[in-house]
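Coordinates from protein.txt are shown below (compact mmCIF, C-alpha atoms).
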# COMPACT_ATOMS: atom_id res chain seq x y z
CA MET A 1 4.23 -30.30 -26.42
CA ALA A 2 0.95 -28.43 -25.91
CA SER A 3 -0.88 -31.65 -25.12
CA SER A 4 1.65 -32.64 -22.48
CA THR A 5 1.34 -29.25 -20.84
CA SER A 6 -2.42 -29.53 -20.85
CA THR A 7 -2.25 -33.02 -19.40
CA SER A 8 0.15 -31.94 -16.67
CA THR A 9 -2.17 -29.15 -15.62
CA ARG A 10 -5.02 -31.65 -15.20
CA THR A 11 -3.02 -34.17 -13.22
CA PRO A 12 -3.84 -34.07 -9.51
CA SER A 13 -0.88 -33.17 -7.36
CA ALA A 14 -0.30 -32.92 -3.68
CA ARG A 15 2.14 -30.09 -4.20
CA ILE A 16 1.28 -26.54 -3.22
CA HIS A 17 0.02 -24.60 -6.22
CA ARG A 18 2.63 -22.29 -7.75
CA ALA A 19 0.26 -19.36 -7.28
CA TRP A 20 0.83 -19.47 -3.52
CA LEU A 21 4.62 -19.34 -3.97
CA THR A 22 4.19 -16.36 -6.30
CA ALA A 23 1.99 -14.63 -3.74
CA ALA A 24 4.59 -15.29 -1.03
CA VAL A 25 7.43 -13.77 -3.09
CA ALA A 26 5.24 -10.79 -3.99
CA GLY A 27 4.43 -10.45 -0.31
CA ALA A 28 8.14 -10.37 0.57
CA ALA A 29 8.69 -7.48 -1.85
CA ILE A 30 5.68 -5.60 -0.47
CA VAL A 31 6.85 -6.21 3.11
CA THR A 32 10.22 -4.68 2.25
CA ALA A 33 8.63 -1.60 0.68
CA GLY A 34 6.35 -1.29 3.71
CA ALA A 35 9.34 -1.23 6.04
CA PHE A 36 10.77 1.76 4.17
CA THR A 37 7.53 3.74 4.42
CA THR A 38 7.60 3.78 8.23
CA VAL A 39 11.18 4.98 8.65
CA PRO A 40 10.58 8.75 8.12
CA GLY A 41 8.61 8.87 11.36
CA LEU A 42 11.64 7.51 13.21
CA LEU A 43 13.96 10.03 11.55
CA VAL A 44 12.07 13.21 12.47
CA THR A 45 13.49 13.65 15.98
CA PRO A 46 17.09 12.42 15.25
CA LEU A 47 17.43 14.64 12.15
CA HIS A 48 15.92 17.59 13.99
CA GLN A 49 18.45 17.12 16.79
CA GLU A 50 21.50 16.42 14.59
CA TYR A 51 20.99 19.01 11.86
CA GLY A 52 18.48 21.44 13.36
CA TRP A 53 16.11 20.89 10.43
CA GLU A 54 12.46 21.85 11.01
CA ARG A 55 9.88 19.08 11.26
CA GLY A 56 8.13 20.45 8.19
CA GLN A 57 11.35 20.15 6.14
CA ILE A 58 11.77 16.53 7.19
CA ALA A 59 8.09 15.75 6.63
CA LEU A 60 8.39 17.17 3.09
CA ALA A 61 10.53 14.19 2.12
CA ALA A 62 7.85 11.83 3.44
CA SER A 63 5.19 13.78 1.53
CA VAL A 64 7.13 13.59 -1.75
CA ASN A 65 7.69 9.88 -1.10
CA MET A 66 3.98 9.24 -0.59
CA VAL A 67 2.89 11.26 -3.62
CA LEU A 68 5.34 9.49 -5.94
CA PHE A 69 4.45 6.19 -4.26
CA GLY A 70 0.90 6.74 -5.48
CA LEU A 71 1.55 8.30 -8.89
CA THR A 72 4.01 5.57 -9.86
CA ALA A 73 1.59 2.72 -9.16
CA PRO A 74 -0.69 2.89 -12.23
CA PHE A 75 2.28 3.29 -14.61
CA ALA A 76 4.03 0.39 -12.87
CA ALA A 77 0.92 -1.78 -13.35
CA ALA A 78 0.89 -1.05 -17.09
CA LEU A 79 4.67 -1.53 -17.32
CA MET A 80 4.28 -4.95 -15.72
CA ASP A 81 1.83 -5.83 -18.50
CA ARG A 82 4.50 -4.74 -20.98
CA ILE A 83 7.78 -6.20 -19.69
CA GLY A 84 6.64 -8.40 -16.81
CA ALA A 85 6.34 -8.01 -13.06
CA ARG A 86 9.65 -9.75 -12.38
CA ARG A 87 11.77 -7.09 -14.11
CA VAL A 88 9.80 -4.19 -12.68
CA VAL A 89 9.94 -5.52 -9.11
CA MET A 90 13.69 -6.19 -9.30
CA GLY A 91 14.34 -2.70 -10.65
CA ALA A 92 12.15 -1.17 -7.95
CA LEU A 93 14.01 -2.95 -5.15
CA LEU A 94 17.39 -1.86 -6.55
CA LEU A 95 16.15 1.74 -6.73
CA VAL A 96 14.94 1.58 -3.12
CA ALA A 97 18.28 0.18 -1.95
CA ALA A 98 20.18 2.95 -3.77
CA GLY A 99 18.00 5.64 -2.20
CA ALA A 100 18.56 4.25 1.29
CA LEU A 101 22.33 4.00 0.89
CA LEU A 102 22.54 7.57 -0.42
CA THR A 103 20.42 8.81 2.50
CA GLY A 104 23.08 7.51 4.85
CA VAL A 105 25.60 10.04 3.50
CA MET A 106 23.33 13.08 3.05
CA THR A 107 24.07 16.46 4.65
CA ARG A 108 21.28 18.75 3.32
CA PRO A 109 17.44 18.70 3.54
CA TRP A 110 17.08 18.64 -0.27
CA GLN A 111 19.09 15.43 -0.36
CA LEU A 112 16.61 13.78 1.99
CA VAL A 113 13.85 14.80 -0.42
CA ALA A 114 15.82 13.54 -3.43
CA TYR A 115 16.95 10.22 -1.96
CA TRP A 116 14.13 9.23 0.36
CA GLY A 117 11.38 11.22 -1.30
CA VAL A 118 12.12 10.65 -5.00
CA LEU A 119 14.21 7.47 -5.36
CA ILE A 120 12.51 5.44 -2.64
CA GLY A 121 9.13 6.94 -3.56
CA LEU A 122 9.48 5.76 -7.16
CA GLY A 123 10.83 2.35 -6.20
CA SER A 124 8.30 1.57 -3.48
CA GLY A 125 5.53 2.92 -5.74
CA CYS A 126 6.02 -0.16 -7.94
CA LEU A 127 5.41 -2.43 -4.92
CA THR A 128 1.99 -1.25 -3.85
CA MET A 129 -1.49 -2.63 -3.53
CA THR A 130 -1.74 -2.17 -7.32
CA PHE A 131 1.02 -4.76 -7.69
CA ALA A 132 -0.97 -7.00 -5.36
CA ALA A 133 -4.09 -6.54 -7.50
CA GLY A 134 -2.14 -7.54 -10.63
CA VAL A 135 -0.71 -10.67 -8.99
CA THR A 136 -4.12 -11.86 -7.82
CA ALA A 137 -5.75 -11.08 -11.20
CA ARG A 138 -3.18 -13.17 -13.09
CA TRP A 139 -2.62 -16.05 -10.66
CA PHE A 140 -5.94 -16.56 -8.86
CA ASP A 141 -9.40 -17.38 -10.14
CA ARG A 142 -10.66 -18.31 -6.65
CA ARG A 143 -9.83 -16.76 -3.25
CA ARG A 144 -9.05 -13.50 -5.05
CA SER A 145 -10.21 -11.06 -2.38
CA LEU A 146 -8.72 -13.18 0.40
CA VAL A 147 -5.29 -13.15 -1.27
CA THR A 148 -5.67 -9.46 -2.03
CA GLY A 149 -6.31 -8.85 1.66
CA ALA A 150 -3.25 -10.87 2.62
CA LEU A 151 -0.99 -9.00 0.18
CA SER A 152 -2.48 -5.66 1.19
CA SER A 153 -1.58 -6.41 4.79
CA ALA A 154 1.98 -7.28 3.76
CA SER A 155 2.95 -3.61 3.68
CA HIS A 156 1.99 -3.28 7.33
CA LEU A 157 3.67 -6.58 8.07
CA GLY A 158 6.87 -4.71 7.24
CA GLN A 159 6.13 -2.61 10.31
CA LEU A 160 5.65 -5.71 12.41
CA LEU A 161 8.94 -7.28 11.31
CA PHE A 162 11.20 -4.24 11.16
CA LEU A 163 9.83 -1.26 13.04
CA PRO A 164 10.59 -2.27 16.67
CA LEU A 165 14.12 -3.33 15.70
CA LEU A 166 14.65 -0.15 13.71
CA ALA A 167 13.39 2.00 16.59
CA TRP A 168 15.68 0.17 19.04
CA SER A 169 18.61 0.66 16.66
CA VAL A 170 17.85 4.38 16.29
CA ASP A 171 17.78 4.74 20.08
CA HIS A 172 21.05 2.86 20.63
CA HIS A 173 23.12 3.33 17.46
CA GLY A 174 21.74 6.37 15.67
CA TRP A 175 19.62 6.59 12.52
CA ARG A 176 22.18 5.50 9.88
CA PRO A 177 22.62 1.77 10.72
CA PRO A 178 18.91 0.90 10.31
CA VAL A 179 18.78 2.74 6.99
CA VAL A 180 21.74 0.74 5.66
CA THR A 181 20.23 -2.47 7.03
CA LEU A 182 17.02 -1.90 5.06
CA ALA A 183 19.05 -1.33 1.91
CA LEU A 184 20.72 -4.73 2.36
CA VAL A 185 17.31 -6.35 2.94
CA ALA A 186 16.04 -4.84 -0.32
CA LEU A 187 19.02 -6.29 -2.20
CA ALA A 188 18.40 -9.73 -0.69
CA VAL A 189 14.72 -9.67 -1.67
CA ALA A 190 15.68 -8.57 -5.20
CA ALA A 191 17.73 -11.75 -5.50
CA LEU A 192 14.74 -13.78 -4.26
CA VAL A 193 12.51 -12.17 -6.89
CA PHE A 194 15.04 -13.00 -9.63
CA LEU A 195 15.09 -16.66 -8.62
CA LEU A 196 11.42 -17.37 -7.88
CA LEU A 197 8.99 -14.79 -9.29
CA ARG A 198 7.26 -15.56 -12.60
CA ASP A 199 5.07 -13.18 -14.55
CA HIS A 200 2.22 -15.52 -15.50
CA PRO A 201 0.96 -19.03 -14.61
CA ALA A 202 1.62 -20.16 -18.19
CA GLU A 203 5.36 -19.63 -17.62
CA ALA A 204 5.20 -22.25 -14.88
CA GLY A 205 2.95 -24.54 -16.94
CA VAL A 206 0.01 -24.30 -14.52
CA LYS A 207 -3.53 -22.95 -14.52
CA PRO A 208 -4.45 -19.99 -12.32
CA TYR A 209 -5.48 -21.21 -8.89
CA GLY A 210 -9.10 -22.39 -9.04
CA ALA A 211 -9.36 -22.07 -12.84
CA THR A 212 -10.84 -24.91 -14.90
CA GLU A 213 -8.87 -24.15 -18.07
CA PHE A 214 -5.25 -23.40 -18.90
CA VAL A 215 -4.73 -19.69 -19.66
CA GLU A 216 -2.19 -18.66 -22.27
CA LYS A 217 0.12 -15.78 -21.45
CA PRO A 218 -1.22 -12.65 -23.16
CA THR A 219 0.81 -10.75 -25.71
CA PRO A 220 2.78 -7.94 -24.02
CA ALA A 221 0.74 -4.75 -24.07
CA ALA A 222 2.37 -2.02 -26.13
CA GLY A 223 2.53 1.57 -24.95
CA ALA A 224 2.33 1.05 -21.20
CA ALA A 225 2.31 4.76 -20.37
CA ALA A 226 -0.20 5.58 -23.11
CA ARG A 227 -2.55 2.82 -21.97
CA THR A 228 -2.33 4.02 -18.37
CA LEU A 229 -3.34 7.53 -19.38
CA LYS A 230 -6.12 6.28 -21.71
CA VAL A 231 -7.59 4.21 -18.89
CA LEU A 232 -7.48 7.27 -16.63
CA LEU A 233 -9.25 9.44 -19.23
CA ARG A 234 -11.97 6.82 -19.73
CA ALA A 235 -12.46 6.23 -16.02
CA ALA A 236 -12.46 9.96 -15.26
CA ARG A 237 -15.66 10.27 -17.31
CA THR A 238 -17.48 8.03 -14.85
CA GLY A 239 -18.90 8.80 -11.43
CA PRO A 240 -17.64 5.65 -9.62
CA PHE A 241 -14.02 6.63 -10.29
CA TRP A 242 -14.35 9.97 -8.51
CA LEU A 243 -16.24 8.45 -5.61
CA LEU A 244 -13.60 5.76 -5.14
CA ALA A 245 -10.73 8.21 -5.60
CA GLY A 246 -12.24 10.69 -3.14
CA ALA A 247 -12.87 8.04 -0.51
CA PHE A 248 -9.39 6.60 -0.97
CA ALA A 249 -7.75 10.03 -0.70
CA LEU A 250 -9.41 10.43 2.69
CA CYS A 251 -8.31 6.89 3.51
CA GLY A 252 -4.66 7.73 2.81
CA ALA A 253 -4.85 10.91 4.86
CA SER A 254 -6.20 9.05 7.88
CA THR A 255 -3.82 6.04 7.76
CA ASN A 256 -0.26 5.98 6.41
CA GLY A 257 -0.26 9.71 5.72
CA ILE A 258 -0.54 10.68 9.35
CA MET A 259 0.65 7.54 11.13
CA TRP A 260 3.85 6.65 9.29
CA SER A 261 5.39 10.11 9.55
CA ASN A 262 3.66 11.71 12.55
CA TRP A 263 2.86 8.91 14.99
CA ALA A 264 6.28 8.91 16.67
CA PRO A 265 6.38 12.73 17.09
CA ALA A 266 2.80 12.69 18.44
CA ALA A 267 3.72 10.01 20.95
CA HIS A 268 6.84 11.97 21.90
CA ASP A 269 4.61 14.98 22.66
CA HIS A 270 2.89 12.84 25.29
CA GLY A 271 6.18 11.71 26.82
CA MET A 272 6.25 8.26 25.22
CA ARG A 273 9.64 6.80 24.28
CA ALA A 274 10.37 6.08 20.62
CA THR A 275 10.67 2.33 21.20
CA ALA A 276 7.26 2.15 22.87
CA ALA A 277 5.68 4.27 20.13
CA ALA A 278 7.23 2.09 17.43
CA SER A 279 6.01 -1.05 19.20
CA LEU A 280 2.45 0.30 19.21
CA LEU A 281 2.71 1.15 15.51
CA SER A 282 4.00 -2.35 14.92
CA LEU A 283 1.04 -3.72 16.85
CA ILE A 284 -1.25 -1.71 14.58
CA GLY A 285 0.47 -3.58 11.75
CA ILE A 286 -0.47 -6.93 13.31
CA PHE A 287 -4.13 -5.99 13.58
CA SER A 288 -3.99 -4.45 10.10
CA ALA A 289 -2.96 -7.83 8.72
CA LEU A 290 -5.86 -9.50 10.51
CA GLY A 291 -8.27 -6.78 9.41
CA ALA A 292 -7.21 -7.00 5.77
CA LEU A 293 -7.72 -10.77 5.76
CA LEU A 294 -11.12 -10.36 7.39
CA ALA A 295 -12.10 -7.63 4.92
CA GLY A 296 -11.06 -9.87 2.03
CA TRP A 297 -13.19 -12.70 3.39
CA LEU A 298 -16.16 -10.35 3.87
CA THR A 299 -15.73 -8.82 0.40
CA ASP A 300 -16.01 -12.30 -1.14
CA ARG A 301 -19.38 -12.69 0.59
CA PHE A 302 -21.03 -9.27 0.96
CA ASP A 303 -21.51 -6.01 -0.91
CA PRO A 304 -18.05 -4.36 -0.87
CA ARG A 305 -19.68 -0.95 -0.46
CA ARG A 306 -21.08 -1.96 2.91
CA VAL A 307 -17.70 -3.29 4.02
CA LEU A 308 -16.13 0.03 3.02
CA THR A 309 -18.73 2.11 4.87
CA VAL A 310 -18.30 0.19 8.12
CA CYS A 311 -14.50 0.49 7.94
CA PHE A 312 -14.57 4.26 7.51
CA ALA A 313 -17.18 4.80 10.23
CA VAL A 314 -15.22 2.75 12.77
CA ARG A 315 -11.98 4.54 11.87
CA ALA A 316 -13.63 7.92 12.42
CA LEU A 317 -14.65 6.92 15.95
CA THR A 318 -11.16 5.68 16.83
CA LEU A 319 -9.50 8.91 15.66
CA LEU A 320 -11.95 10.98 17.68
CA ALA A 321 -11.05 8.96 20.76
CA LEU A 322 -7.26 9.08 20.25
CA PRO A 323 -6.56 12.40 22.07
CA LEU A 324 -8.42 11.03 25.08
CA VAL A 325 -6.34 7.85 25.36
CA PHE A 326 -2.84 9.05 24.40
CA ALA A 327 -0.49 8.79 27.40
CA SER A 328 3.20 8.57 28.25
CA THR A 329 2.95 4.82 28.82
CA VAL A 330 1.14 1.93 27.17
CA THR A 331 -2.30 1.71 28.78
CA VAL A 332 -5.34 -0.52 28.25
CA PRO A 333 -7.31 2.24 26.44
CA MET A 334 -4.30 2.80 24.19
CA LEU A 335 -4.12 -0.90 23.37
CA LEU A 336 -7.86 -0.88 22.63
CA PHE A 337 -7.34 1.99 20.19
CA VAL A 338 -4.45 0.12 18.52
CA ALA A 339 -6.57 -3.03 18.10
CA VAL A 340 -9.69 -1.37 16.70
CA TYR A 341 -7.88 1.15 14.52
CA GLY A 342 -5.56 -1.58 13.23
CA LEU A 343 -8.46 -3.81 12.20
CA VAL A 344 -9.84 -1.13 9.88
CA ASP A 345 -6.49 0.34 8.81
CA VAL A 346 -5.96 -1.68 5.60
CA ALA A 347 -9.42 -3.23 5.53
CA THR A 348 -10.54 -0.68 2.92
CA VAL A 349 -8.25 -2.13 0.24
CA PRO A 350 -10.00 -5.42 -0.72
CA PRO A 351 -13.44 -3.80 -1.21
CA VAL A 352 -11.97 -0.94 -3.30
CA ILE A 353 -10.02 -3.38 -5.51
CA GLU A 354 -13.15 -5.48 -5.95
CA LEU A 355 -15.26 -2.44 -6.82
CA ALA A 356 -12.68 -1.36 -9.42
CA ARG A 357 -12.71 -4.87 -10.91
CA ARG A 358 -16.51 -5.09 -11.05
CA VAL A 359 -16.96 -1.66 -12.59
CA TYR A 360 -13.97 -1.51 -14.96
CA GLY A 361 -13.25 -5.14 -15.80
CA GLU A 362 -9.78 -5.85 -17.21
CA ASP A 363 -8.85 -2.21 -16.66
CA GLY A 364 -9.59 -2.66 -12.95
CA PRO A 365 -5.97 -2.97 -11.72
CA ILE A 366 -4.94 0.20 -13.56
CA VAL A 367 -8.04 2.08 -12.38
CA PHE A 368 -7.25 0.96 -8.87
CA GLY A 369 -3.71 2.24 -9.44
CA TRP A 370 -5.13 5.70 -10.08
CA THR A 371 -7.38 5.53 -7.03
CA ASN A 372 -4.30 4.47 -5.09
CA ALA A 373 -2.56 7.56 -6.48
CA ALA A 374 -5.38 9.59 -4.92
CA HIS A 375 -4.80 7.63 -1.70
CA GLN A 376 -1.16 8.67 -1.68
CA LEU A 377 -1.92 12.28 -2.59
CA GLY A 378 -4.14 12.38 0.47
CA ALA A 379 -1.40 10.68 2.47
CA GLY A 380 1.26 13.13 1.31
CA ALA A 381 -0.89 16.13 2.12
CA SER A 382 -1.67 14.69 5.55
CA ALA A 383 2.00 13.98 6.34
CA PHE A 384 3.02 17.56 5.56
CA LEU A 385 -0.05 19.37 6.90
CA GLY A 386 -0.10 17.24 10.03
CA ALA A 387 3.48 18.22 10.89
CA THR A 388 2.74 21.85 9.98
CA ALA A 389 -0.37 21.86 12.19
CA ARG A 390 1.74 20.50 15.05
CA ASP A 391 4.21 23.37 14.63
CA THR A 392 1.32 25.88 14.43
CA PHE A 393 -1.01 24.67 17.20
CA GLY A 394 1.49 22.90 19.44
CA SER A 395 -0.37 19.57 19.38
CA TYR A 396 -1.99 17.05 17.03
CA ASP A 397 -5.49 17.25 18.56
CA VAL A 398 -6.92 19.33 15.72
CA VAL A 399 -5.42 16.88 13.21
CA TRP A 400 -7.16 13.85 14.73
CA ALA A 401 -10.51 15.69 14.74
CA ALA A 402 -10.16 16.81 11.11
CA LEU A 403 -9.23 13.30 9.94
CA ALA A 404 -12.18 11.79 11.82
CA ALA A 405 -14.49 14.17 9.96
CA GLY A 406 -12.89 13.14 6.67
CA CYS A 407 -13.53 9.46 7.44
CA LEU A 408 -17.20 10.19 8.03
CA VAL A 409 -17.37 11.83 4.59
CA ALA A 410 -15.72 8.75 3.05
CA ALA A 411 -18.27 6.51 4.79
CA LEU A 412 -21.02 8.46 2.99
CA LEU A 413 -19.27 8.27 -0.41
CA ALA A 414 -18.95 4.48 -0.48
CA PRO A 415 -22.67 3.57 -0.82
CA ALA A 416 -23.00 6.01 -3.75
CA VAL A 417 -20.74 3.90 -6.01
CA ARG A 418 -22.93 2.34 -8.70
CA MET A 419 -22.03 -1.32 -9.08
CA ARG A 420 -23.17 -3.62 -11.86
CA GLY A 421 -23.49 -7.38 -11.68
CA HIS A 422 -21.01 -7.65 -14.55
CA THR A 423 -17.81 -5.97 -15.57
CA CYS A 424 -17.92 -3.37 -18.30
CA ARG A 425 -15.62 -2.66 -21.21
CA PRO A 426 -14.73 0.51 -23.10
CA ASP A 427 -17.21 1.53 -25.78
CA ALA A 428 -16.41 1.34 -29.49
CA SER A 429 -14.71 4.72 -29.47
CA GLY A 430 -12.45 3.65 -26.60
CA ARG A 431 -13.33 6.83 -24.73
CA GLY A 432 -15.72 5.59 -22.05
CA TYR A 433 -17.59 2.81 -20.26
CA PRO A 434 -21.16 2.73 -21.63
CA SER A 435 -22.78 0.97 -18.67
CA GLN A 436 -21.41 3.62 -16.30
CA SER A 437 -22.28 6.72 -18.30

Can I see the file as structure tokens?
Amino acid sequence: MASSTSTSTRTPSARIHRAWLTAAVAGAAIVTAGAFTTVPGLLVTPLHQEYGWERGQIALAASVNMVLFGLTAPFAAALMDRIGARRVVMGALLLVAAGALLTGVMTRPWQLVAYWGVLIGLGSGCLTMTFAAGVTARWFDRRRSLVTGALSSASHLGQLLFLPLLAWSVDHHGWRPPVVTLALVALAVAALVFLLLRDHPAEAGVKPYGATEFVEKPTPAAGAAARTLKVLLRAARTGPFWLLAGAFALCGASTNGIMWSNWAPAAHDHGMRATAAASLLSLIGIFSALGALLAGWLTDRFDPRRVLTVCFAVRALTLLALPLVFASTVTVPMLLFVAVYGLVDVATVPPVIELARRVYGEDGPIVFGWTNAAHQLGAGASAFLGATARDTFGSYDVVWAALAAGCLVAALLAPAVRMRGHTCRPDASGRGYPSQS
């Protein structure tokens, strides 16, 4: 039986490699989660008008969502090693659908925090860039950074596919129908995952894409939560972890943290209609997809630290320019901002994943999960503080300036990450990484 499997993996075939189908299904799940992350920005004004809730109360749900989104990721990565990605992803999509359906019948601010913040935060936290890193690590030996870039952009592709339609629906039918629609989409994708997603290439009888040898499926890792915490304790003793986590926290604050929950209110302050604002955010998603693919291609060829530095520096300049180009209508300067900002929006992900892999080896996906947790902590703080600053100062101008300064700091942190030409493993005690001490 083993010989036939080995022979079949060596037989040339014109069929598309199963790894690409797996990446496509994973991308569909990430797209769905990405669609949910943009909705709070569309709900701020309708909920404020219907219930009289303050913007800060509504933004709190988005902040809790983002924090749990990040904190769940490393545990989800370890849990996937334990019980398989297929089960975890299906459970996550069902949790997201339940949170959305319950949101449709809420009447109190705490319920928004519980349903959208906690349930959807936990569910979508399993479908993050950490999930993408795990898929590429298991299924791809070549084109790793390119596929990582494509999957990283999938979250923003959710904006492209859903956001304009959701904004139009909010304008014409209220906020509840789009929320229920997203719940139904999540259920449909859960069925797709059940039918098509496999945990490891060995389950499909194929080699990882680009690999020369068949790879057996590893034994399920025991103690997923314990392993996640042990990896964190080991990584926390090294300088590269804190540099990556700090830079990624600033990344989260200056991207999804501020844009997904505060972009629509900021545009409304300038007299822009919700549909136009959502269309611009969707357009950012298009350029984000292109930028992530380009960053993946560049990361395969150049020092990922340099790619990271350029991305942060360009983002800082765009945020500084934003107050000067914001208008009530879509203008050429506004479109230029959308294009340039979009190109560097998700472009930081492939180089950070690659740096985590090079420094921490097989622990790389979990380490990246913890840096992604820092990303979401920064995002959550930005979502809440951005809305609070708007209530305090009457505009978002101070927010854009502060985030631009943060991006400049991140641009300086990236070159300081020490990177070896080989991956490193825990020392004999299991407490640290000798080559990074």

Polymer residues at most 7 Å from Gly121 of chain A, all atoms listed in the file, same-chain spacing of 5 or more positions, as a ChimeraX atom specification: /A:65-66,68-69,116

Write the residues of the selection above to a file with C-alpha atoms, as a CSV table (one decimal), in the coordinates of the input.
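So the final result, stored in part_7.csv, reads:
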chain,number,residue,atom,x,y,z
A,65,ASN,CA,7.7,9.9,-1.1
A,66,MET,CA,4.0,9.2,-0.6
A,68,LEU,CA,5.3,9.5,-5.9
A,69,PHE,CA,4.4,6.2,-4.3
A,116,TRP,CA,14.1,9.2,0.4

Neighbour list for segment 113-115 of chain A as a list in words, cut-off 10 Å, all atoms listed in the file, skip fewer than 6 positions in-chain: Gln57, Ile58, Ala59, Leu60, Ala61, Ala62, Ser63, Val64, Asn65, Leu95, Val96, Ala98, Gly99, Ala100, Leu101, Leu102, Thr103, Gly104, Met106 and Gly121 of chain A

Exercise: Ile284 of chain A partners within 12 Å, all atoms listed in the file, chain neighbours under 2 positions left out, as a VMD selection string: chain A and resid 153 155 to 160 163 255 to 256 259 to 260 263 277 to 282 286 to 292 334 to 346

Neighbour list for Leu243 of chain A as a list in words, cut-off 9 Å, all atoms listed in the file, skip fewer than 2 positions in-chain: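 Everything that qualifies: Gly239, Pro240, Phe241, Ala245, Gly246, Ala247, Phe248, Ala410, Leu413, Ala414, Ala416 and Val417 of chain A.
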
Among listed residues A:Ala132, A:Ala190, A:Ala267, A:Ala321, nearest Trp400 of chain A (using all atoms listed in the file):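 Closest candidate: A:Ala321.
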
Atom pair atom CA of Thr299 of chain A / atom CA of Thr148 of chain A: separation (Å): 10.4 Å

Two-atom distance - atom CA of Gly369 of chain A, atom CA of Ala137 of chain A (Å):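 Interatomic distance, atom CA of Gly369 of chain A to atom CA of Ala137 of chain A: 13.6 Å.
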
Atomic distance atom CA of Val31 of chain A - atom CA of Ala133 of chain A, expressed in Å with one decimal: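 Taking atom CA of Val31 of chain A as the start and atom CA of Ala133 of chain A as the end point, the length is 15.2 Å.
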
Close residues, Arg87 of chain A itself excluded, 9 Å, all atoms listed in the file, min 4 positions apart in chain, as a PyMOL selection string: chain A and resi 80+83+91-92+193-194

Nearest residue to Thr388 of chain A from the set A:Arg176, A:His48, A:Arg55, A:His17 (distances using all atoms listed in the file):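 Going through A:Arg176, A:His48, A:Arg55, A:His17 one by one, the smallest distance to Thr388 of chain A is for A:Arg55.
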
Given all atoms listed in the file as the counted atoms, nearest of A:Ala411, A:Leu308, A:Leu94, A:Val314 to Ala188 of chain A: A:Leu94

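A search radius of 12 Å centred on (-15.2, -17.9, -11.0), applied to only C-alpha atoms, returns the residues Ala137, Phe140, Asp141, Arg142, Arg143, Arg144, Pro208, Tyr209, Gly210, Ala211, Thr212, Glu213 and Asp300 of chain A.
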
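Distances to Ile30 of chain A were evaluated for A:Val105, A:Leu151, A:Ala313, A:Thr45 using only C-alpha atoms, and the minimum falls at A:Leu151.
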
Residue nearest Pro415 of chain A - candidates A:Ala253, A:Leu244, A:Leu122, A:Ala327, atoms counted: only C-alpha atoms: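 That would be A:Leu244, the residue with the smallest distance to Pro415 of chain A.
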
Minimum-distance residue to Val147 of chain A, chosen among A:Ala373, A:Val189, A:Val135, A:Ala274 (using all atoms listed in the file):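 When distances to Val147 of chain A are compared using all atoms listed in the file, the smallest one comes from A:Val135.
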